[in-house]
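Enquirer: If you scroll down you'll find the structure; I have some questions about it.
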Amino acid sequence: MSAELSARVIDKLKTLQMPGAGKDVVSLGLVSDVFVSQGKAYFSISVPSEAASSLEPLREEAARLASSVPGIEAATVVLTADRKAGSPAAAAQSQRPAHAHAQPRPVAKQAIPGIGAIVAVASGKGGVGKSTTAVNLALAFQANGLRAAVLDADIYGPSLPRLMKIAGRPQQIDGKLIRPMENYGMKVMSMGFLVDEGTAMIWRGPMIQSALLQMLREVAWGDLDVLVIDMPPGTGDVQLTLAQQAALAGAVIVSTPQDLALIDARKAVNMFNKVEVPILGIVENMSYFVCPNCGTSHDIFGHGGAKAEAQKIGAPFLGEIPLDMEIRLNSDAGTPVVVSHSDGPHAKAYREIARRVWEGIEGRAAPVFPEITFE
């Protein structure tokens, strides 16, 4: 049924003319794949970046046309600057002098109204407990007295619905903003709320970018001190999109102590450095294992590797989180240790990491601009 609705939306969009092109947006190849879930359509339209603001009426009309299709209750449409072969944008690009390709035009990073700071929690590889760290870090911010929320940016493998024990579908406010889900007094947004668990997300770059920016900018977050973004593992499209287009206060890198994980963590650090996102610090997760029977500490994955790496690259070392059955069981149950065992040692460790991250955000030096004097 969703495939049939997608086709109907595409047919409707064939009536939408691209200003100045003399053809419709579909025949020009500007419309991404249309994804339909729970009566809502998601797609993007590729336009020249320099014309994006003037083409806002085009976006609104596309959303109106899509919503007019029987079976479609609402539509989320985002303008992207991704250029496709054969499009007017691509043609314009090909006519530029060769030297115009030497330096890509920087994308203006946009702050989100009402959000004081955006913190990305990232890792170079999967399986290091990044999502568990992101959830507990956000809850630790809240426990420390800050207004916090968390966004799940892992389009292909969203885990926050399970980690935060939230089910259901978010609702729209006046057909515009999305109302985030909530538990433990914290607002949460994830693609996992919009598609059924186990659904294969077969999306290309433009659709991923569209969905991410939608969840970031068109959600009713309210007034927040900090928004924590749980990034997917690696250094791909999602990471670059958010790093280049969102005004990130900085990134927290999660790694386990062993050499292989640290190599991948180093890649994540290098990526954020290239897009000028500050590294707020490194967390060593699964740092050691304390035997529940004898109380002896065991360095299963080694120990201290992340701290040594932090010193090597000149980044703050934020702390160690042990490999503990309590953390895993509570994560699987959707009861993070910061709220389920708020007085326990693990919750205290997360709160201390949150305190150090916040100090890093507040302590960032203001940029120094050259002073012009007249003599």
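Ordering of the structure tokens sets the chain letters (A, B, ...), residue numbers begin anew at 1 in every chain, and ligands are numbered from 1 in the order given.
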Determine, counting only C-alpha atoms, which protein, DNA and RNA residues have an atom within 10 Å of an atom of Glu4 (chain A); residues of the same chain fewer than 5 positions away are not included. Present the result as a list of chain:residue names.
Expert: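 Counting only C-alpha atoms, the residues come to A:Val9, A:Ile10, A:Val36.
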Enquirer: Which residues, written as an NGL selection string, have at least one atom at most 8 Å from Gly250 (chain A), with only C-alpha atoms counted and residues fewer than 4 positions away on the same chain left out?
Expert: :A and (118-120 or 277-280 or 361)
Enquirer: Pick out the residues sitting within 8 Å of Gly192 (chain A), and hand them over as a list in words; count only C-alpha atoms, and ignore anything fewer than 2 positions along from it in its own chain.
Expert: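 Here the qualifying residues turn out to be Ile155, Pro158, Ser159, Leu160, Pro161, Ser190, Leu194, Val195, Asp196 and Glu197 of chain A.
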Enquirer: Can you tell me, as a VMD selection string, which residues in region 315-355 of chain A count as alpha helix (DSSP H) by DSSP?
Expert: chain A and resid 325 to 333 337 to 340 345 to 355
Enquirer: Find the residues around Ala306 (chain A) up to 7 Å (only C-alpha atoms counted), leave out those fewer than 5 positions away in its own chain, and share them as a PyMOL selection string.
Expert: chain A and resi 255-257+262+282+284
Enquirer: Of the residues A:Gly344, A:Lys130, A:Leu146, A:Ser67, which is the one nearest to Ile115 (chain A), using only C-alpha atoms?
Expert: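 Ranked by minimum distance to Ile115 (chain A), first place goes to A:Leu146.
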Enquirer: Find the residues near region 138-141 of chain A: any atom within 9 Å, counting only C-alpha atoms, skip ones fewer than 2 places away on the same chain, and give them as a count of residues only.
Expert: 29
